[in-house]
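Data from query_26.pdb: PDB, C-alpha atoms
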ATOM      1  CA  MET W1397      13.940 -24.547  -7.531
ATOM      2  CA  THR W1398      13.129 -25.702 -11.053
ATOM      3  CA  THR W1399      13.437 -23.387 -14.042
ATOM      4  CA  ARG W1400       9.653 -23.171 -14.378
ATOM      5  CA  GLN W1401       9.234 -22.292 -10.676
ATOM      6  CA  HIS W1402      11.945 -19.640 -10.995
ATOM      7  CA  LYS W1403      10.249 -18.140 -14.064
ATOM      8  CA  VAL W1404       6.863 -18.051 -12.314
ATOM      9  CA  HIS W1405       8.412 -16.482  -9.229
ATOM     10  CA  THR W1406      10.204 -13.881 -11.349
ATOM     11  CA  GLN W1407       6.960 -13.019 -13.168
ATOM     12  CA  LEU W1408       5.142 -12.796  -9.846
ATOM     13  CA  GLY W1409       7.841 -10.463  -8.511
ATOM     14  CA  ARG W1410       7.470  -8.100 -11.470
ATOM     15  CA  ALA W1411       3.678  -8.236 -11.292
ATOM     16  CA  ALA W1412       3.722  -7.657  -7.516
ATOM     17  CA  VAL W1413       5.725  -4.460  -7.971
ATOM     18  CA  GLN W1414       3.243  -3.210 -10.580
ATOM     19  CA  ILE W1415       0.248  -4.202  -8.476
ATOM     20  CA  PHE W1416       1.610  -2.499  -5.383
ATOM     21  CA  ALA W1417       2.380   0.635  -7.413
ATOM     22  CA  ALA W1418      -1.253   0.744  -8.606
ATOM     23  CA  ASN W1419      -2.369   0.190  -5.004
ATOM     24  CA  GLU W1420      -0.238   3.127  -3.893
ATOM     25  CA  ARG W1421      -1.568   5.310  -6.695
ATOM     26  CA  MET W1422      -5.064   4.693  -5.292
ATOM     27  CA  ASN W1423      -3.913   5.949  -1.888
ATOM     28  CA  GLN W1424      -2.400   9.041  -3.458
ATOM     29  CA  ILE W1425      -5.570   9.749  -5.450
ATOM     30  CA  LEU W1426      -7.643   9.620  -2.273
ATOM     31  CA  ILE W1427      -5.374  12.018  -0.404
ATOM     32  CA  GLU W1428      -5.132  14.351  -3.434
ATOM     33  CA  HIS W1429      -8.913  14.669  -3.642
ATOM     34  CA  LEU W1430      -9.734  14.626   0.048
ATOM     35  CA  ASP W1431     -11.121  17.875   1.431
ATOM     36  CA  PRO W1432      -8.453  19.165   3.877
ATOM     37  CA  ARG W1433     -11.170  19.764   6.475
ATOM     38  CA  ALA W1434     -11.797  16.002   6.613
ATOM     39  CA  TRP W1435      -8.145  15.146   7.363
ATOM     40  CA  LYS W1436      -8.273  15.549  11.154
ATOM     41  CA  ALA W1437     -12.035  15.870  11.654
ATOM     42  CA  ASN W1438     -13.324  13.700  14.492
ATOM     43  CA  PRO W1439     -15.566  10.966  13.089
ATOM     44  CA  PRO W1440     -18.623   9.746  14.955
ATOM     45  CA  GLY W1441     -17.928   6.965  17.440
ATOM     46  CA  ASN W1442     -14.612   5.847  18.764
ATOM     47  CA  VAL W1443     -12.779   5.454  15.444
ATOM     48  CA  ARG W1444      -9.566   6.753  13.896
ATOM     49  CA  THR W1445      -9.425  10.024  12.024
ATOM     50  CA  ILE W1446      -8.576   9.883   8.331
ATOM     51  CA  ALA W1447      -5.110  11.203   9.195
ATOM     52  CA  ALA W1448      -4.676   8.349  11.676
ATOM     53  CA  ILE W1449      -5.768   5.787   9.078
ATOM     54  CA  PHE W1450      -3.218   6.915   6.492
ATOM     55  CA  THR W1451      -0.414   7.185   9.072
ATOM     56  CA  HIS W1452      -1.326   3.680  10.272
ATOM     57  CA  MET W1453      -1.051   2.362   6.709
ATOM     58  CA  HIS W1454       2.405   3.903   6.341
ATOM     59  CA  ASN W1455       3.596   2.747   9.759
ATOM     60  CA  VAL W1456       2.417  -0.822   9.135
ATOM     61  CA  ARG W1457       4.321  -0.862   5.850
ATOM     62  CA  VAL W1458       7.438   0.289   7.677
ATOM     63  CA  LYS W1459       6.945  -2.568  10.151
ATOM     64  CA  TRP W1460       6.495  -5.123   7.353
ATOM     65  CA  VAL W1461       9.757  -4.044   5.746
ATOM     66  CA  ARG W1462      11.635  -3.808   9.054
ATOM     67  CA  LEU W1463      10.563  -7.316  10.100
ATOM     68  CA  THR W1464      10.681  -9.008   6.684
ATOM     69  CA  ALA W1465      13.616  -7.276   4.985
ATOM     70  CA  PRO W1466      15.736  -5.661   7.712
ATOM     71  CA  HIS W1467      18.521  -4.982   5.214
ATOM     72  CA  LEU W1468      16.303  -2.404   3.446
ATOM     73  CA  LYS W1469      16.359   1.142   4.775
ATOM     74  CA  THR W1470      12.955   2.113   6.124
ATOM     75  CA  PRO W1471      11.492   5.602   6.100
ATOM     76  CA  PRO W1472      10.625   7.207   9.428
ATOM     77  CA  GLN W1473       7.259   6.507  10.990
ATOM     78  CA  LEU W1474       4.555   9.165  10.858
ATOM     79  CA  HIS W1475       2.764  10.583  13.903
ATOM     80  CA  ARG W1476      -0.996  10.518  13.466
ATOM     81  CA  ALA W1477      -1.678  13.599  15.581
ATOM     82  CA  HIS W1478       0.787  15.814  13.723
ATOM     83  CA  CYS W1479       0.892  14.403  10.185
ATOM     84  CA  THR W1480      -0.283  16.636   7.360
ATOM     85  CA  GLN W1481      -1.745  15.414   4.076
ATOM     86  CA  ARG W1482       1.466  16.437   2.336
ATOM     87  CA  GLN W1483       3.604  14.500   4.831
ATOM     88  CA  ALA W1484       1.348  11.465   4.490
ATOM     89  CA  ARG W1485       1.640  11.541   0.696
ATOM     90  CA  ALA W1486       5.435  11.720   0.907
ATOM     91  CA  GLY W1487       5.668   9.060   3.604
ATOM     92  CA  LEU W1488       3.346   6.688   1.765
ATOM     93  CA  ALA W1489       5.366   7.145  -1.426
ATOM     94  CA  GLN W1490       8.552   6.250   0.471
ATOM     95  CA  SER W1491       7.071   3.244   2.238
ATOM     96  CA  ALA W1492       5.489   2.045  -1.016
ATOM     97  CA  ALA W1493       8.904   2.146  -2.670
ATOM     98  CA  ARG W1494      10.406   0.026   0.125
ATOM     99  CA  CYS W1495       7.481  -2.414  -0.042
ATOM    100  CA  ALA W1496       8.000  -2.691  -3.788
ATOM    101  CA  ASP W1497      11.697  -3.419  -3.200
ATOM    102  CA  MET W1498      10.761  -6.035  -0.615
ATOM    103  CA  LEU W1499       8.185  -7.673  -2.896
ATOM    104  CA  ALA W1500      10.535  -7.684  -5.877
ATOM    105  CA  GLU W1501      13.294  -9.281  -3.857
ATOM    106  CA  ALA W1502      11.061 -11.762  -2.045
ATOM    107  CA  LEU W1503       9.189 -12.910  -5.125
ATOM    108  CA  SER W1504      11.969 -12.882  -7.711
ATOM    109  CA  ALA W1505      13.974 -15.659  -6.022
ATOM    110  CA  SER W1506      17.132 -13.904  -7.164
ATOM    111  CA  THR W1507      18.900 -13.514  -3.820
ATOM    112  CA  GLY W1508      16.979 -15.718  -1.445
ATOM    113  CA  ARG W1509      17.557 -13.163   1.329
ATOM    114  CA  ILE W1510      13.860 -12.911   2.116
ATOM    115  CA  GLN W1511      12.425 -16.270   3.092
ATOM    116  CA  GLU W1512       9.466 -15.199   5.245
ATOM    117  CA  PHE W1513       6.844 -12.478   5.396
ATOM    118  CA  ARG W1514       6.508 -11.138   8.905
ATOM    119  CA  ARG W1515       3.314  -9.164   9.377
ATOM    120  CA  ASP W1516       3.839  -8.399  13.044
ATOM    121  CA  GLY W1517       5.827  -9.538  16.045
ATOM    122  CA  TRP W1518       2.804 -11.425  17.419
ATOM    123  CA  ALA W1519       1.957 -13.229  14.165
ATOM    124  CA  GLY W1520       3.728 -16.291  12.882
ATOM    125  CA  PRO W1521       5.752 -15.804   9.703
ATOM    126  CA  TRP W1522       4.481 -16.892   6.298
ATOM    127  CA  PRO W1523       6.615 -18.199   3.442
ATOM    128  CA  VAL W1524       6.919 -15.577   0.751
ATOM    129  CA  GLY W1525       4.468 -15.933  -2.099
ATOM    130  CA  SER W1526       1.298 -14.494  -3.538
ATOM    131  CA  GLU W1527      -0.328 -14.598  -0.090
ATOM    132  CA  MET W1528       2.103 -11.904   1.049
ATOM    133  CA  LEU W1529       0.993  -9.534  -1.688
ATOM    134  CA  CYS W1530      -2.685 -10.360  -1.124
ATOM    135  CA  TYR W1531      -2.396  -9.608   2.582
ATOM    136  CA  MET W1532      -0.698  -6.272   1.933
ATOM    137  CA  ILE W1533      -3.266  -5.186  -0.669
ATOM    138  CA  SER W1534      -6.226  -6.357   1.428
ATOM    139  CA  HIS W1535      -5.014  -4.386   4.429
ATOM    140  CA  GLU W1536      -4.811  -1.191   2.425
ATOM    141  CA  ALA W1537      -8.066  -1.715   0.537
ATOM    142  CA  HIS W1538      -9.857  -2.121   3.872
ATOM    143  CA  HIS W1539      -8.504   1.216   5.054
ATOM    144  CA  ARG W1540      -9.269   2.983   1.760
ATOM    145  CA  GLY W1541     -12.873   1.872   2.213
ATOM    146  CA  GLN W1542     -12.848   3.338   5.714
ATOM    147  CA  VAL W1543     -11.498   6.636   4.397
ATOM    148  CA  CYS W1544     -14.169   6.900   1.700
ATOM    149  CA  MET W1545     -16.913   6.107   4.199
ATOM    150  CA  LEU W1546     -15.604   8.523   6.839
ATOM    151  CA  ALA W1547     -15.184  11.363   4.353
ATOM    152  CA  HIS W1548     -18.816  10.897   3.370
ATOM    153  CA  GLN W1549     -20.025  10.651   6.980
ATOM    154  CA  LEU W1550     -18.097  13.791   7.905
ATOM    155  CA  GLY W1551     -19.825  15.744   5.141
ATOM    156  CA  PHE W1552     -16.817  15.855   2.819
ATOM    157  CA  PRO W1553     -17.545  13.175   0.211
ATOM    158  CA  LEU W1554     -14.927  12.610  -2.420
ATOM    159  CA  PRO W1555     -15.697  14.102  -5.834
ATOM    160  CA  LYS W1556     -17.838  11.789  -7.961
ATOM    161  CA  GLU W1557     -15.065  11.301 -10.537
ATOM    162  CA  VAL W1558     -12.650   9.889  -7.933
ATOM    163  CA  SER W1559     -14.401   6.575  -7.296
ATOM    164  CA  PRO W1560     -14.406   5.386 -10.918
ATOM    165  CA  GLY W1561     -10.731   6.376 -11.145
ATOM    166  CA  LEU W1562      -9.896   3.974  -8.340
ATOM    167  CA  TRP W1563     -11.330   1.134 -10.428
ATOM    168  CA  ASN W1564      -9.704   2.084 -13.739
ATOM    169  CA  TRP W1565      -6.787  -0.293 -13.466
ATOM    170  CA  GLU W1566      -5.661   0.263 -17.035
ATOM    171  CA  GLU W1567      -5.160   3.980 -16.311
ATOM    172  CA  LEU W1568      -3.620   3.328 -12.896
ATOM    173  CA  TRP W1569      -1.208   0.886 -14.526
ATOM    174  CA  ARG W1570      -0.203   3.462 -17.147
ATOM    175  CA  GLU W1571       0.263   6.150 -14.484
ATOM    176  CA  CYS W1572       2.604   3.769 -12.675
ATOM    177  CA  GLY W1573       4.815   3.205 -15.710
ATOM    178  CA  SER W1574       3.317   0.109 -17.317
ATOM    179  CA  PRO W1575       1.885   1.377 -20.626
ATOM    180  CA  HIS W1576       0.354  -1.922 -21.721
ATOM    181  CA  GLY W1577      -1.725  -2.448 -18.603
ATOM    182  CA  PRO W1578      -2.307  -5.452 -16.357
ATOM    183  CA  GLY W1579      -0.884  -8.768 -17.494
ATOM    184  CA  HIS W1580       1.916  -7.218 -19.551
ATOM    185  CA  ASP W1581       5.525  -6.550 -18.632
ATOM    186  CA  SER W1582       6.584  -2.927 -18.876
TER     187      SER W1582
END
Translate the structure described by the file into structure tokens.
Amino acid sequence: MTTRQHKVHTQLGRAAVQIFAANERMNQILIEHLDPRAWKANPPGNVRTIAAIFTHMHNVRVKWVRLTAPHLKTPPQLHRAHCTQRQARAGLAQSAARCADMLAEALSASTGRIQEFRRDGWAGPWPVGSEMLCYMISHEAHHRGQVCMLAHQLGFPLPKEVSPGLWNWEELWRECGSPHGPGHDS
């Protein structure tokens, strides 16, 4: 790898950790502001509950780390029928930390231990790169959209101030320990 490629990869690794931290902060904000009555309420149609969506997000993260970076210790999976909001918040925080470790290692090119991103046992592996981060973020953004829609459909819409907070990346960045915001190293 050339020096320039290494520098770009190292910058991408640092940025990926910050981006995933902001992504996780969005998840935490949603759970913090979600009416507890919506957590296990049965939505119309044959769809997951909000509890099942958040446990799925956590469990998929655990799978990504287990398959992609088996040397990293993974948190336990969550059970969608028994998981509380508090347990989901803690589990998501743990799995986010492991995903951040995985992204930092995969995209920094420091050890070379992580060569492929494995999304699932049925899916072919991808080389590590920005696509890995994009896939991870897209998966979670899809499910956050589901949660917002379901909360509204169930009669428990999120407070009006929550939605703009999910789009205030400068504030999310600061909350995650990067005081200068996107595009700047901590």
(message) Quick check, in Å to one decimal: how far apart do atom CA of Asp1497 of chain W and atom CA of Asn1423 of chain W lie?
(response)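 Value for the atom CA of Asp1497 of chain W-atom CA of Asn1423 of chain W distance: 18.3 Å.
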(request) Determine, counting all atoms listed in the file, which protein, DNA and RNA residues have an atom within 8 Å of an atom of Leu1474 of chain W; residues of the same chain fewer than 2 positions away are not included. Present the result as a list in words. (result)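 So, after excluding close chain neighbours, the residues are Thr1451, His1454, Asn1455, Pro1472, Arg1476, Cys1479, Ala1484 and Gly1487 of chain W.
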(request) Go through W:Arg1494, W:Lys1469, W:His1538, W:Arg1485 and flag the residue nearest Ile1425 of chain W, using only C-alpha atoms for the distances. (result) W:Arg1485
(message) Taking only C-alpha atoms into account, name the residue in W:Ile1446, W:Ala1477, W:Leu1503, W:Ala1434 that is nearest to Glu1527 of chain W.
(response)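 Among the listed residues, W:Leu1503 lies closest to Glu1527 of chain W.
In terms of minimum interatomic distance to Glu1428 of chain W, W:Pro1555 ranks closest within W:Pro1575, W:Pro1555, W:Pro1466, W:Gly1409, counting all atoms listed in the file.
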(message) Please expand the PyMOL selection byres ((chain W and resi 1456) around 10) into the concrete residues it hits in this file, giving the result as a PyMOL selection string.
(response) chain W and resi 1450-1455+1457-1462+1473+1491+1515-1516+1532+1535-1536
(request) Could you tell me how far atom CA of Thr1445 of chain W lies from atom CA of Arg1482 of chain W, in Å and to one decimal? (result)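 Going from atom CA of Thr1445 of chain W over to atom CA of Arg1482 of chain W, I get 15.9 Å.
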Please write as a CSV table (one decimal) with C-alpha atoms, keeping the file's coordinate frame the list of polymer residues whose atoms come within 8 Å of (11.2, -14.1, 6.4), counting all atoms listed in the file and keeping to the coordinates of the file.
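Here's the written file part10.csv:
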chain,number,residue,atom,x,y,z
W,1463,LEU,CA,10.6,-7.3,10.1
W,1464,THR,CA,10.7,-9.0,6.7
W,1465,ALA,CA,13.6,-7.3,5.0
W,1510,ILE,CA,13.9,-12.9,2.1
W,1511,GLN,CA,12.4,-16.3,3.1
W,1512,GLU,CA,9.5,-15.2,5.2
W,1513,PHE,CA,6.8,-12.5,5.4
W,1514,ARG,CA,6.5,-11.1,8.9
W,1521,PRO,CA,5.8,-15.8,9.7
W,1522,TRP,CA,4.5,-16.9,6.3
W,1523,PRO,CA,6.6,-18.2,3.4
W,1524,VAL,CA,6.9,-15.6,0.8
Can you take the partial segment 1420-1431 of chain W, add all heavy atoms, and return it as a PDB file, keeping the file's coordinate frame?
ATOM      1  N   GLU W1420      -0.705   1.861  -4.464  1.00  0.00           N
ATOM      2  CA  GLU W1420      -0.238   3.127  -3.893  1.00  0.00           C
ATOM      3  C   GLU W1420      -0.822   4.326  -4.639  1.00  0.00           C
ATOM      4  O   GLU W1420      -1.163   5.337  -4.032  1.00  0.00           O
ATOM      5  CB  GLU W1420       1.292   3.195  -3.907  1.00  0.00           C
ATOM      6  CG  GLU W1420       1.865   4.541  -3.483  1.00  0.00           C
ATOM      7  CD  GLU W1420       1.410   5.010  -2.102  1.00  0.00           C
ATOM      8  OE1 GLU W1420       0.890   4.216  -1.292  1.00  0.00           O
ATOM      9  OE2 GLU W1420       1.576   6.214  -1.819  1.00  0.00           O
ATOM     10  N   ARG W1421      -0.966   4.205  -5.938  1.00  0.00           N
ATOM     11  CA  ARG W1421      -1.568   5.310  -6.695  1.00  0.00           C
ATOM     12  C   ARG W1421      -2.987   5.570  -6.196  1.00  0.00           C
ATOM     13  O   ARG W1421      -3.419   6.719  -6.106  1.00  0.00           O
ATOM     14  CB  ARG W1421      -1.558   5.004  -8.199  1.00  0.00           C
ATOM     15  CG  ARG W1421      -2.099   6.126  -9.042  1.00  0.00           C
ATOM     16  CD  ARG W1421      -1.216   7.381  -8.965  1.00  0.00           C
ATOM     17  NE  ARG W1421      -1.924   8.504  -9.572  1.00  0.00           N
ATOM     18  CZ  ARG W1421      -2.206   9.638  -8.948  1.00  0.00           C
ATOM     19  NH1 ARG W1421      -1.792   9.858  -7.714  1.00  0.00           N
ATOM     20  NH2 ARG W1421      -2.871  10.583  -9.561  1.00  0.00           N
ATOM     21  N   MET W1422      -3.719   4.518  -5.850  1.00  0.00           N
ATOM     22  CA  MET W1422      -5.064   4.693  -5.292  1.00  0.00           C
ATOM     23  C   MET W1422      -5.015   5.500  -3.998  1.00  0.00           C
ATOM     24  O   MET W1422      -5.840   6.390  -3.782  1.00  0.00           O
ATOM     25  CB  MET W1422      -5.716   3.340  -5.015  1.00  0.00           C
ATOM     26  CG  MET W1422      -6.100   2.573  -6.239  1.00  0.00           C
ATOM     27  SD  MET W1422      -6.817   1.001  -5.690  1.00  0.00           S
ATOM     28  CE  MET W1422      -6.588   0.038  -7.144  1.00  0.00           C
ATOM     29  N   ASN W1423      -4.058   5.188  -3.138  1.00  0.00           N
ATOM     30  CA  ASN W1423      -3.913   5.949  -1.888  1.00  0.00           C
ATOM     31  C   ASN W1423      -3.645   7.417  -2.180  1.00  0.00           C
ATOM     32  O   ASN W1423      -4.236   8.308  -1.561  1.00  0.00           O
ATOM     33  CB  ASN W1423      -2.768   5.379  -1.042  1.00  0.00           C
ATOM     34  CG  ASN W1423      -3.039   3.983  -0.555  1.00  0.00           C
ATOM     35  OD1 ASN W1423      -4.185   3.578  -0.379  1.00  0.00           O
ATOM     36  ND2 ASN W1423      -1.973   3.220  -0.345  1.00  0.00           N
ATOM     37  N   GLN W1424      -2.752   7.657  -3.120  1.00  0.00           N
ATOM     38  CA  GLN W1424      -2.400   9.041  -3.458  1.00  0.00           C
ATOM     39  C   GLN W1424      -3.595   9.795  -4.039  1.00  0.00           C
ATOM     40  O   GLN W1424      -3.812  10.968  -3.733  1.00  0.00           O
ATOM     41  CB  GLN W1424      -1.206   9.054  -4.424  1.00  0.00           C
ATOM     42  CG  GLN W1424       0.078   8.505  -3.837  1.00  0.00           C
ATOM     43  CD  GLN W1424       0.683   9.388  -2.763  1.00  0.00           C
ATOM     44  OE1 GLN W1424       0.499  10.597  -2.731  1.00  0.00           O
ATOM     45  NE2 GLN W1424       1.430   8.774  -1.851  1.00  0.00           N
ATOM     46  N   ILE W1425      -4.370   9.120  -4.874  1.00  0.00           N
ATOM     47  CA  ILE W1425      -5.570   9.749  -5.450  1.00  0.00           C
ATOM     48  C   ILE W1425      -6.533  10.159  -4.342  1.00  0.00           C
ATOM     49  O   ILE W1425      -7.089  11.266  -4.358  1.00  0.00           O
ATOM     50  CB  ILE W1425      -6.254   8.809  -6.465  1.00  0.00           C
ATOM     51  CG1 ILE W1425      -5.423   8.697  -7.738  1.00  0.00           C
ATOM     52  CG2 ILE W1425      -7.674   9.282  -6.785  1.00  0.00           C
ATOM     53  CD1 ILE W1425      -5.882   7.588  -8.691  1.00  0.00           C
ATOM     54  N   LEU W1426      -6.736   9.285  -3.378  1.00  0.00           N
ATOM     55  CA  LEU W1426      -7.643   9.620  -2.273  1.00  0.00           C
ATOM     56  C   LEU W1426      -7.159  10.848  -1.520  1.00  0.00           C
ATOM     57  O   LEU W1426      -7.934  11.774  -1.254  1.00  0.00           O
ATOM     58  CB  LEU W1426      -7.778   8.446  -1.303  1.00  0.00           C
ATOM     59  CG  LEU W1426      -8.675   7.312  -1.730  1.00  0.00           C
ATOM     60  CD1 LEU W1426      -8.709   6.238  -0.649  1.00  0.00           C
ATOM     61  CD2 LEU W1426     -10.080   7.797  -2.008  1.00  0.00           C
ATOM     62  N   ILE W1427      -5.885  10.870  -1.162  1.00  0.00           N
ATOM     63  CA  ILE W1427      -5.374  12.018  -0.404  1.00  0.00           C
ATOM     64  C   ILE W1427      -5.429  13.293  -1.248  1.00  0.00           C
ATOM     65  O   ILE W1427      -5.783  14.356  -0.747  1.00  0.00           O
ATOM     66  CB  ILE W1427      -3.952  11.752   0.119  1.00  0.00           C
ATOM     67  CG1 ILE W1427      -3.960  10.564   1.081  1.00  0.00           C
ATOM     68  CG2 ILE W1427      -3.406  12.987   0.842  1.00  0.00           C
ATOM     69  CD1 ILE W1427      -2.588  10.129   1.555  1.00  0.00           C
ATOM     70  N   GLU W1428      -5.095  13.189  -2.536  1.00  0.00           N
ATOM     71  CA  GLU W1428      -5.132  14.351  -3.434  1.00  0.00           C
ATOM     72  C   GLU W1428      -6.512  15.000  -3.478  1.00  0.00           C
ATOM     73  O   GLU W1428      -6.637  16.208  -3.559  1.00  0.00           O
ATOM     74  CB  GLU W1428      -4.775  13.937  -4.869  1.00  0.00           C
ATOM     75  CG  GLU W1428      -3.340  13.646  -5.132  1.00  0.00           C
ATOM     76  CD  GLU W1428      -3.146  12.990  -6.506  1.00  0.00           C
ATOM     77  OE1 GLU W1428      -4.011  13.128  -7.400  1.00  0.00           O
ATOM     78  OE2 GLU W1428      -2.109  12.320  -6.682  1.00  0.00           O
ATOM     79  N   HIS W1429      -7.551  14.170  -3.459  1.00  0.00           N
ATOM     80  CA  HIS W1429      -8.913  14.669  -3.642  1.00  0.00           C
ATOM     81  C   HIS W1429      -9.699  14.826  -2.343  1.00  0.00           C
ATOM     82  O   HIS W1429     -10.853  15.233  -2.368  1.00  0.00           O
ATOM     83  CB  HIS W1429      -9.674  13.754  -4.606  1.00  0.00           C
ATOM     84  CG  HIS W1429      -9.140  13.840  -5.999  1.00  0.00           C
ATOM     85  ND1 HIS W1429      -8.148  13.019  -6.456  1.00  0.00           N
ATOM     86  CD2 HIS W1429      -9.440  14.678  -7.009  1.00  0.00           C
ATOM     87  CE1 HIS W1429      -7.864  13.333  -7.710  1.00  0.00           C
ATOM     88  NE2 HIS W1429      -8.639  14.344  -8.067  1.00  0.00           N
ATOM     89  N   LEU W1430      -9.075  14.530  -1.239  1.00  0.00           N
ATOM     90  CA  LEU W1430      -9.734  14.626   0.048  1.00  0.00           C
ATOM     91  C   LEU W1430      -9.798  16.089   0.494  1.00  0.00           C
ATOM     92  O   LEU W1430      -8.788  16.796   0.455  1.00  0.00           O
ATOM     93  CB  LEU W1430      -8.960  13.805   1.078  1.00  0.00           C
ATOM     94  CG  LEU W1430      -9.555  13.683   2.454  1.00  0.00           C
ATOM     95  CD1 LEU W1430     -10.864  12.878   2.400  1.00  0.00           C
ATOM     96  CD2 LEU W1430      -8.563  13.009   3.390  1.00  0.00           C
ATOM     97  N   ASP W1431     -10.964  16.514   0.897  1.00  0.00           N
ATOM     98  CA  ASP W1431     -11.121  17.875   1.431  1.00  0.00           C
ATOM     99  C   ASP W1431     -10.226  18.003   2.667  1.00  0.00           C
ATOM    100  O   ASP W1431     -10.306  17.178   3.575  1.00  0.00           O
ATOM    101  CB  ASP W1431     -12.584  18.105   1.809  1.00  0.00           C
ATOM    102  CG  ASP W1431     -12.872  19.539   2.179  1.00  0.00           C
ATOM    103  OD1 ASP W1431     -12.151  20.093   3.050  1.00  0.00           O
ATOM    104  OD2 ASP W1431     -13.831  20.106   1.629  1.00  0.00           O
TER     105      ASP W1431
END
